[in-house]
>>> print(open('my_file_4.txt').read())   # compact mmCIF, C-alpha atoms
# COMPACT_ATOMS: atom_id res chain seq x y z
CA MET A 227 -29.17 -48.64 44.18
CA GLU A 228 -30.62 -51.47 46.26
CA SER A 229 -31.25 -49.22 49.27
CA LYS A 230 -32.89 -46.62 47.02
CA LYS A 231 -35.37 -49.22 45.84
CA GLU A 232 -36.28 -50.16 49.38
CA ILE A 233 -37.43 -46.69 50.39
CA LYS A 234 -39.83 -46.40 47.45
CA GLN A 235 -43.40 -46.07 48.66
CA PRO A 236 -46.48 -46.57 46.51
CA LEU A 237 -48.05 -43.10 46.27
CA LEU A 238 -50.79 -43.43 43.71
CA GLU A 239 -52.36 -46.71 42.72
CA ILE A 240 -55.13 -46.90 40.16
CA SER A 241 -56.74 -50.29 39.71
CA ASP A 242 -59.13 -51.36 36.97
CA LEU A 243 -60.66 -47.89 36.75
CA PHE A 244 -63.78 -47.40 34.66
CA ALA A 245 -65.24 -43.90 34.41
CA SER A 246 -67.87 -42.13 32.38
CA THR A 247 -69.36 -38.75 31.62
CA GLU A 248 -72.92 -38.22 30.38
CA ASN A 249 -73.38 -41.99 29.96
CA LEU A 250 -70.32 -42.26 27.76
CA THR A 251 -67.65 -44.62 29.09
CA ILE A 252 -64.24 -43.00 28.65
CA LEU A 253 -61.93 -44.99 30.89
CA LYS A 254 -62.15 -48.74 30.32
CA GLY A 255 -59.91 -50.38 32.91
CA VAL A 256 -56.91 -48.19 33.69
CA ASN A 257 -54.15 -49.68 35.86
CA ILE A 258 -51.15 -47.64 36.96
CA LYS A 259 -48.93 -47.49 40.01
CA ILE A 260 -46.67 -44.58 40.86
CA ASN A 261 -44.02 -44.95 43.56
CA SER A 262 -42.23 -42.12 45.32
CA GLY A 263 -39.42 -40.61 43.31
CA GLU A 264 -40.80 -41.83 39.98
CA ILE A 265 -41.65 -39.85 36.87
CA HIS A 266 -44.21 -41.40 34.54
CA ALA A 267 -45.22 -40.16 31.10
CA ILE A 268 -48.62 -40.92 29.61
CA MET A 269 -48.87 -40.54 25.86
CA GLY A 270 -51.53 -41.31 23.31
CA ARG A 271 -53.76 -39.87 20.63
CA ASN A 272 -56.15 -37.02 21.30
CA GLY A 273 -59.34 -38.40 22.82
CA CYS A 274 -57.77 -41.59 24.22
CA GLY A 275 -58.69 -40.58 27.78
CA LYS A 276 -55.47 -38.98 29.09
CA SER A 277 -57.03 -35.70 30.19
CA THR A 278 -60.11 -37.49 31.53
CA LEU A 279 -57.85 -39.64 33.70
CA SER A 280 -56.14 -36.54 35.11
CA LYS A 281 -59.46 -34.80 35.83
CA ILE A 282 -60.89 -37.87 37.53
CA ILE A 283 -57.86 -38.13 39.82
CA ALA A 284 -58.35 -34.46 40.75
CA GLY A 285 -62.08 -35.02 41.35
CA HIS A 286 -63.75 -33.11 38.50
CA PRO A 287 -67.52 -33.24 39.12
CA SER A 288 -68.41 -33.98 35.47
CA TYR A 289 -66.99 -37.50 35.61
CA GLU A 290 -68.20 -40.55 37.48
CA ILE A 291 -66.16 -43.53 38.56
CA THR A 292 -68.27 -46.57 37.65
CA SER A 293 -65.86 -49.19 38.98
CA GLY A 294 -62.28 -49.59 40.12
CA LYS A 295 -60.25 -47.64 42.64
CA ILE A 296 -57.86 -44.72 43.00
CA GLU A 297 -55.69 -44.84 46.11
CA LEU A 298 -53.36 -42.16 47.43
CA CYS A 299 -50.90 -43.65 49.93
CA GLY A 300 -53.27 -46.60 50.40
CA ASN A 301 -56.42 -44.52 50.98
CA ASP A 302 -59.36 -44.60 48.54
CA ILE A 303 -59.85 -41.02 47.34
CA GLU A 304 -63.26 -41.45 45.70
CA PRO A 305 -65.22 -40.03 48.66
CA LEU A 306 -63.00 -36.93 48.83
CA GLU A 307 -64.00 -33.54 47.40
CA PRO A 308 -61.54 -31.94 44.93
CA GLU A 309 -60.26 -29.56 47.64
CA GLU A 310 -59.65 -32.45 50.06
CA ARG A 311 -57.70 -34.31 47.38
CA ALA A 312 -55.58 -31.21 46.78
CA GLN A 313 -54.97 -30.72 50.48
CA SER A 314 -53.87 -34.33 50.83
CA GLY A 315 -51.29 -33.86 48.09
CA ILE A 316 -52.79 -34.31 44.62
CA PHE A 317 -51.93 -31.57 42.17
CA LEU A 318 -53.32 -31.18 38.66
CA GLY A 319 -51.47 -28.82 36.32
CA PHE A 320 -54.20 -27.69 33.94
CA GLN A 321 -53.86 -27.97 30.18
CA TYR A 322 -55.82 -24.72 29.94
CA PRO A 323 -55.36 -22.78 33.21
CA ILE A 324 -58.52 -20.87 34.14
CA GLU A 325 -58.72 -17.06 34.29
CA ILE A 326 -60.49 -15.61 37.31
CA PRO A 327 -61.08 -11.87 37.03
CA GLY A 328 -60.75 -9.66 40.09
CA VAL A 329 -59.05 -12.30 42.28
CA SER A 330 -55.42 -11.45 42.96
CA ASN A 331 -52.93 -14.14 42.04
CA LEU A 332 -50.97 -13.52 45.26
CA GLU A 333 -54.03 -13.93 47.50
CA PHE A 334 -55.06 -17.07 45.58
CA LEU A 335 -51.60 -18.61 45.97
CA ARG A 336 -51.57 -17.76 49.68
CA VAL A 337 -55.00 -19.25 50.42
CA ALA A 338 -54.11 -22.40 48.44
CA THR A 339 -50.71 -22.77 50.14
CA ASN A 340 -52.25 -22.31 53.58
CA ALA A 341 -54.95 -24.91 52.87
CA ARG A 342 -52.20 -27.43 52.11
CA ARG A 343 -50.09 -26.33 55.11
CA LYS A 344 -53.09 -26.69 57.40
CA PHE A 345 -53.51 -30.29 56.23
CA LEU A 346 -49.81 -30.94 56.86
CA LYS A 347 -50.24 -29.43 60.37
CA LYS A 348 -47.80 -26.65 59.53
CA ASP A 349 -48.37 -23.04 60.63
CA GLU A 350 -50.38 -20.94 58.22
CA LEU A 351 -48.45 -18.05 56.69
CA ASP A 352 -49.48 -14.41 57.04
CA THR A 353 -49.19 -12.00 54.12
CA PHE A 354 -45.58 -11.03 54.89
CA GLU A 355 -44.32 -14.55 55.54
CA PHE A 356 -46.01 -15.74 52.37
CA GLU A 357 -44.44 -12.98 50.27
CA ASP A 358 -40.99 -14.17 51.37
CA LEU A 359 -41.85 -17.76 50.42
CA VAL A 360 -43.39 -16.92 47.06
CA LYS A 361 -40.45 -14.69 46.06
CA GLU A 362 -38.12 -17.60 46.66
CA LYS A 363 -40.31 -19.87 44.49
CA LEU A 364 -40.78 -17.33 41.67
CA ASP A 365 -37.16 -17.93 40.76
CA ILE A 366 -37.89 -21.59 39.94
CA VAL A 367 -40.06 -20.53 36.99
CA LYS A 368 -38.27 -17.22 36.34
CA MET A 369 -41.43 -15.21 36.93
CA ASP A 370 -41.47 -11.53 37.75
CA SER A 371 -43.20 -10.51 40.99
CA ALA A 372 -45.49 -8.27 38.89
CA PHE A 373 -47.45 -11.47 38.12
CA LEU A 374 -48.50 -11.69 41.72
CA SER A 375 -50.51 -8.49 41.75
CA ARG A 376 -52.50 -9.40 38.63
CA SER A 377 -55.77 -11.34 38.57
CA ILE A 378 -55.42 -15.13 38.35
CA ASN A 379 -54.14 -15.97 34.85
CA GLN A 380 -55.98 -12.97 33.39
CA GLY A 381 -54.19 -11.55 30.38
CA PHE A 382 -51.31 -14.02 30.90
CA SER A 383 -49.73 -15.42 27.74
CA GLY A 384 -49.86 -19.19 27.19
CA GLY A 385 -46.33 -19.55 28.57
CA GLU A 386 -47.05 -17.35 31.60
CA LYS A 387 -50.12 -19.43 32.47
CA LYS A 388 -48.12 -22.65 32.41
CA ARG A 389 -45.35 -21.10 34.51
CA ASN A 390 -47.99 -19.99 36.99
CA GLU A 391 -49.14 -23.63 37.21
CA ILE A 392 -45.60 -24.78 38.01
CA LEU A 393 -45.31 -21.98 40.59
CA GLN A 394 -48.42 -23.41 42.26
CA MET A 395 -46.87 -26.87 42.18
CA ALA A 396 -43.72 -25.46 43.82
CA LEU A 397 -45.75 -23.83 46.59
CA LEU A 398 -48.12 -26.74 47.26
CA GLU A 399 -45.39 -29.42 47.35
CA PRO A 400 -47.77 -32.19 46.24
CA LYS A 401 -47.20 -35.91 46.80
CA ILE A 402 -48.32 -36.57 43.28
CA ALA A 403 -48.40 -34.00 40.46
CA ILE A 404 -50.24 -34.68 37.22
CA LEU A 405 -49.16 -32.23 34.56
CA ASP A 406 -51.66 -32.25 31.70
CA GLU A 407 -49.92 -31.08 28.53
CA THR A 408 -47.97 -28.47 30.44
CA ASP A 409 -45.62 -28.32 27.45
CA SER A 410 -48.22 -27.67 24.77
CA GLY A 411 -48.29 -24.19 23.30
CA LEU A 412 -44.87 -23.25 24.69
CA ASP A 413 -41.98 -21.84 22.72
CA ILE A 414 -38.56 -23.47 23.22
CA ASP A 415 -37.39 -21.02 25.88
CA ALA A 416 -40.61 -21.29 27.90
CA LEU A 417 -40.49 -25.09 27.58
CA ARG A 418 -36.96 -25.12 29.04
CA ILE A 419 -38.00 -22.87 31.93
CA VAL A 420 -41.03 -25.04 32.70
CA ALA A 421 -39.04 -28.27 32.38
CA SER A 422 -36.21 -27.07 34.60
CA GLY A 423 -38.82 -25.86 37.13
CA ILE A 424 -40.41 -29.32 37.22
CA LYS A 425 -37.00 -30.94 37.66
CA LYS A 426 -36.16 -28.63 40.57
CA ILE A 427 -39.43 -29.50 42.32
CA ALA A 428 -39.20 -33.27 41.69
CA ASN A 429 -37.87 -35.17 44.70
CA GLU A 430 -37.53 -38.61 46.26
CA ASN A 431 -40.76 -38.34 48.22
CA SER A 432 -43.14 -37.38 45.43
CA GLY A 433 -44.24 -38.69 42.06
CA ILE A 434 -44.94 -36.94 38.77
CA ILE A 435 -47.18 -37.89 35.84
CA LEU A 436 -46.43 -36.01 32.63
CA ILE A 437 -49.19 -36.13 30.04
CA THR A 438 -47.65 -35.08 26.78
CA HIS A 439 -47.62 -35.44 23.02
CA TYR A 440 -44.04 -34.37 22.55
CA GLN A 441 -40.64 -35.99 22.91
CA ARG A 442 -39.12 -32.56 23.49
CA LEU A 443 -40.38 -32.40 27.08
CA LEU A 444 -39.15 -35.94 27.71
CA ASP A 445 -35.70 -34.97 26.37
CA GLU A 446 -35.59 -32.43 29.20
CA ILE A 447 -37.20 -34.63 31.87
CA LYS A 448 -36.36 -38.29 31.42
CA PRO A 449 -39.29 -40.43 32.58
CA ASP A 450 -38.78 -43.73 34.41
CA PHE A 451 -41.84 -45.19 32.70
CA VAL A 452 -43.76 -44.36 29.53
CA HIS A 453 -47.35 -45.54 29.17
CA VAL A 454 -49.31 -45.54 25.94
CA MET A 455 -53.04 -45.01 26.27
CA ALA A 456 -55.62 -45.94 23.65
CA ASP A 457 -59.38 -46.28 23.87
CA GLY A 458 -59.49 -45.64 27.62
CA LYS A 459 -56.79 -48.14 28.64
CA ILE A 460 -53.05 -48.29 29.05
CA ILE A 461 -52.07 -50.69 26.29
CA LYS A 462 -48.30 -50.59 26.59
CA THR A 463 -45.73 -49.62 29.22
CA GLY A 464 -42.02 -49.26 28.70
CA ASP A 465 -39.02 -47.10 29.59
CA SER A 466 -38.05 -43.82 27.98
CA ASN A 467 -37.20 -45.64 24.74
CA LEU A 468 -40.89 -46.27 24.16
CA ALA A 469 -41.41 -42.52 23.70
CA LEU A 470 -38.68 -42.48 21.07
CA GLU A 471 -40.39 -45.37 19.27
CA LEU A 472 -43.65 -43.42 19.27
CA GLU A 473 -41.88 -40.36 17.90
CA LYS A 474 -40.65 -42.52 15.03
CA ASN A 475 -43.65 -44.76 14.33
CA GLY A 476 -46.67 -42.73 15.47
CA TYR A 477 -49.80 -44.28 16.91
CA ASP A 478 -51.19 -46.31 13.98
CA TRP A 479 -50.21 -49.58 15.69
CA THR A 480 -52.50 -48.70 18.59
CA ASP A 481 -55.52 -48.93 16.26
CA GLU A 482 -54.52 -52.47 15.29
CA PHE A 483 -54.11 -53.31 18.96
CA ILE A 484 -57.62 -52.03 19.74
CA ASN A 485 -59.18 -53.84 16.77
CA LYS A 486 -57.54 -57.12 17.77
CA ASN A 487 -58.90 -56.92 21.31
CA MET B 298 -77.48 -12.44 43.64
CA LEU B 299 -79.65 -15.54 43.24
CA ILE B 300 -79.65 -18.34 45.77
CA GLY B 301 -81.22 -21.80 45.29
CA ASP B 302 -82.35 -23.70 42.20
CA LYS B 303 -85.83 -22.13 42.07
CA ALA B 304 -84.61 -18.55 42.29
CA ALA B 305 -85.38 -16.22 39.39
CA ALA B 306 -84.98 -12.53 38.62
CA ASN B 307 -87.00 -10.25 36.34
CA THR B 308 -85.76 -6.81 35.46
CA PHE B 309 -88.02 -4.02 34.14
CA PRO B 310 -85.83 -1.08 33.32
CA TYR B 311 -87.59 2.28 33.47
CA ILE B 312 -85.78 5.46 32.54
CA GLN B 313 -87.29 8.92 32.78
CA SER B 314 -85.58 11.74 30.97
CA GLN B 315 -86.36 15.47 31.18
CA GLN B 316 -84.10 16.20 28.24
CA PRO B 317 -85.83 15.61 24.89
CA ASN B 318 -82.53 15.65 22.95
CA SER B 319 -80.84 12.97 25.06
CA GLU B 320 -80.26 9.35 24.13
CA VAL B 321 -80.58 7.08 27.14
CA GLU B 322 -79.85 3.37 27.30
CA HIS B 323 -80.13 0.67 29.90
CA GLU B 324 -77.78 -2.28 30.14
CA ALA B 325 -77.67 -5.28 32.45
CA SER B 326 -75.94 -8.62 32.39
CA THR B 327 -76.17 -11.80 34.40
CA CYS B 328 -73.87 -14.76 34.67
CA ARG B 329 -73.67 -18.07 36.48
CA ILE B 330 -70.81 -18.94 38.72
CA SER B 331 -68.45 -20.71 36.34
CA GLU B 332 -67.97 -24.37 37.19
CA ASP B 333 -64.52 -24.30 35.60
CA GLN B 334 -63.42 -21.44 37.82
CA LEU B 335 -64.87 -23.16 40.87
CA PHE B 336 -63.10 -26.44 40.08
CA TYR B 337 -59.82 -24.61 39.48
CA LEU B 338 -59.91 -23.06 42.95
CA GLN B 339 -61.06 -26.29 44.60
CA SER B 340 -58.33 -28.25 42.84
CA ARG B 341 -55.88 -26.01 44.70
CA GLY B 342 -57.32 -27.01 48.07
CA ILE B 343 -59.67 -24.05 48.52
CA GLU B 344 -62.99 -24.97 50.19
CA PHE B 345 -66.21 -24.59 48.16
CA GLU B 346 -67.62 -21.67 50.20
CA GLU B 347 -64.35 -19.79 50.19
CA ALA B 348 -63.92 -20.37 46.46
CA VAL B 349 -67.39 -18.94 45.74
CA SER B 350 -66.67 -16.01 48.03
CA MET B 351 -63.37 -15.26 46.24
CA MET B 352 -65.02 -15.42 42.82
CA VAL B 353 -67.96 -13.21 43.74
CA SER B 354 -65.79 -10.60 45.50
CA GLY B 355 -63.49 -10.66 42.48
CA PHE B 356 -66.45 -10.16 40.17
CA CYS B 357 -67.68 -7.18 42.24
CA ARG B 358 -64.22 -5.72 42.88
CA ASP B 359 -64.25 -3.43 39.84
CA VAL B 360 -67.46 -1.81 41.08
CA PHE B 361 -66.40 -1.71 44.72
CA ASN B 362 -63.18 0.04 43.77
CA GLN B 363 -65.26 2.98 42.54
CA LEU B 364 -67.08 3.31 45.85
CA PRO B 365 -65.93 5.45 48.77
CA MET B 366 -63.64 3.42 51.05
CA GLU B 367 -66.08 3.12 53.94
CA PHE B 368 -68.94 1.91 51.79
CA ALA B 369 -66.73 -0.50 49.84
CA ALA B 370 -65.62 -2.22 53.04
CA GLU B 371 -69.23 -2.47 54.19
CA ALA B 372 -70.34 -3.89 50.82
CA ASP B 373 -67.57 -6.47 50.90
CA LYS B 374 -68.64 -7.63 54.36
CA LEU B 375 -72.31 -7.75 53.36
CA LEU B 376 -71.43 -9.83 50.32
CA SER B 377 -69.51 -12.44 52.31
CA LEU B 378 -72.51 -12.81 54.62
CA LYS B 379 -74.91 -13.55 51.79
CA LEU B 380 -72.89 -16.13 49.88
CA GLU B 381 -74.02 -19.41 51.32
CA GLY B 382 -75.85 -21.44 48.67
CA SER B 383 -75.55 -18.86 45.88
CA VAL B 384 -76.01 -20.09 42.32
CA GLY B 385 -75.60 -16.99 40.18
>>> encode(input="my_file_4.txt", output="structure tokens")
Amino acid sequence: MESKKEIKQPLLEISDLFASTENLTILKGVNIKINSGEIHAIMGRNGCGKSTLSKIIAGHPSYEITSGKIELCGNDIEPLEPEERAQSGIFLGFQYPIEIPGVSNLEFLRVATNARRKFLKKDELDTFEFEDLVKEKLDIVKMDSAFLSRSINQGFSGGEKKRNEILQMALLEPKIAILDETDSGLDIDALRIVASGIKKIANENSGIILITHYQRLLDEIKPDFVHVMADGKIIKTGDSNLALELEKNGYDWTDEFINKN
Amino acid sequence: MLIGDKAAANTFPYIQSQQPNSEVEHEASTCRISEDQLFYLQSRGIEFEEAVSMMVSGFCRDVFNQLPMEFAAEADKLLSLKLEGSVG
């Protein structure tokens, strides 16, 4: 175990992050550090800033960092465009994946994969090479190849959209994946498929942040750390037992915590 | 296609019919490039210009599919030439 600890590298480090949108401050001093091989869960009431945090890491243009820092492998990512962040290994699994009519899912996946490969100085894949790769990855989320010829997410069910997100994660092999409520709106079977897909992709060299409301996902994927967010800050961090406590006691105590401070 | 923040378009439909019993209608629609769609593509590592190009070609694909092959290819090429700085 000792040697395992030694090879851990800090991947994502967020320090004292304040961020706002339309003059409304949403993040009020977030601190979090993710090392390679770690799985973190962020939980908290609706509106506490979880999704905002994920969008800011991915570079959504509607939010502004007012102070603090986000570093990926020691490099400040604030000056980077969303596509540069993705190329350098940040992946955001959307809570509500976007439909794009007329754009083939296969072509989208290929262009995205090649953008990441180009950054990693790997050869870009032509249509045939990519089809071989994607067919191998489809198995991870038990998707049928018919999904590839459809438009991006168009007419996909809720479960299919989320599986398509995990397929993208499998193809892009990110350093850090933030999965924003990937489990919400899924039936039990789809949840198991998505969870086992995430577990297959997880490895020693990358980190995962699961944003979730439900213990059920964390039963499938045991997090190393659980963070509770309230009013734009992480107010408590613990191990997987903290999620069980939340399941039992709810979030009322977080209000008291906020009022006290 | 409109390019730049001062661009505007006015449409004055004019339909002439020789058939007094016919009912004729005109329909048009406009839309802005969706910021959500753009961010989705960018968040997957796709450059801004390429993302816009993919979205616009996708939007036009239904129409292009109805065109004869030769013309469709030409239209697709023309479209990718005109994309820089498009807003809607």
>>> closest_atom_pairs(input="my_file_4.txt", of="chain A", to="chain B", cutoff="6 Å", atoms="only C-alpha atoms", output="Markdown table")
| residue | atom | partner | partner_atom | distance |
| --- | --- | --- | --- | --- |
| A:Pro308 | CA | B:Ser340 | CA | 5.3 |
| A:Glu309 | CA | B:Gly342 | CA | 3.9 |
| A:Ala312 | CA | B:Gly342 | CA | 4.7 |
| A:Gln313 | CA | B:Gly342 | CA | 5.0 |
| A:Gly328 | CA | B:Gly355 | CA | 3.8 |
| A:Val329 | CA | B:Gly355 | CA | 4.7 |
| A:Ala338 | CA | B:Arg341 | CA | 5.5 |
| A:Ala341 | CA | B:Gly342 | CA | 5.8 |
>>> atom_distance(input="my_file_4.txt", atom1="CA of Arg342 (chain A)", atom2="CA of Ser314 (chain A)")
7.2 Å
>>> atom_distance(input="my_file_4.txt", atom1="CA of Gly319 (chain A)", atom2="CA of Lys388 (chain A)")
8.0 Å
>>> atom_distance(input="my_file_4.txt", atom1="CA of Ser246 (chain A)", atom2="CA of Lys281 (chain A)")
11.7 Å
>>> closest_residue(input="my_file_4.txt", among="A:Tyr477, A:Phe354, A:Phe451, A:Tyr322", to="Ile265 (chain A)", atoms="only C-alpha atoms")
A:Phe451
>>> residues_around(input="my_file_4.txt", residues="region 433-443 of chain A", least_positions_apart="3", cutoff="6 Å", atoms="only C-alpha atoms", output="ChimeraX atom specification")
/A:262-269,402-407,446
>>> residues_around(input="my_file_4.txt", residues="Lys363 (chain A)", least_positions_apart="6", cutoff="8 Å", atoms="only C-alpha atoms", output="list in words")
Leu393, Ala396 and Leu397 of chain A
>>> axis_aligned_box(input="my_file_4.txt", around="region 402-414 of chain A", padding_each_side="4 Å", output="AutoDock Vina command-line options")
--center_x -45.1 --center_y -29.2 --center_z 33.0 --size_x 21.1 --size_y 22.7 --size_z 28.6
>>> residues_around(input="my_file_4.txt", residues="Phe373 (chain A)", least_positions_apart="5", cutoff="10 Å", atoms="all atoms listed in the file", output="PyMOL selection string")
chain A and resi 330-332+364+378-380+382+386+390
>>> write_last_selection(input="my_file_4.txt", atoms="C-alpha atoms", output="compact mmCIF listing (two decimals), in the frame of the given file")
# COMPACT_ATOMS: atom_id res chain seq x y z
CA SER A 330 -55.42 -11.45 42.96
CA ASN A 331 -52.93 -14.14 42.04
CA LEU A 332 -50.97 -13.52 45.26
CA LEU A 364 -40.78 -17.33 41.67
CA ILE A 378 -55.42 -15.13 38.35
CA ASN A 379 -54.14 -15.97 34.85
CA GLN A 380 -55.98 -12.97 33.39
CA PHE A 382 -51.31 -14.02 30.90
CA GLU A 386 -47.05 -17.35 31.60
CA ASN A 390 -47.99 -19.99 36.99
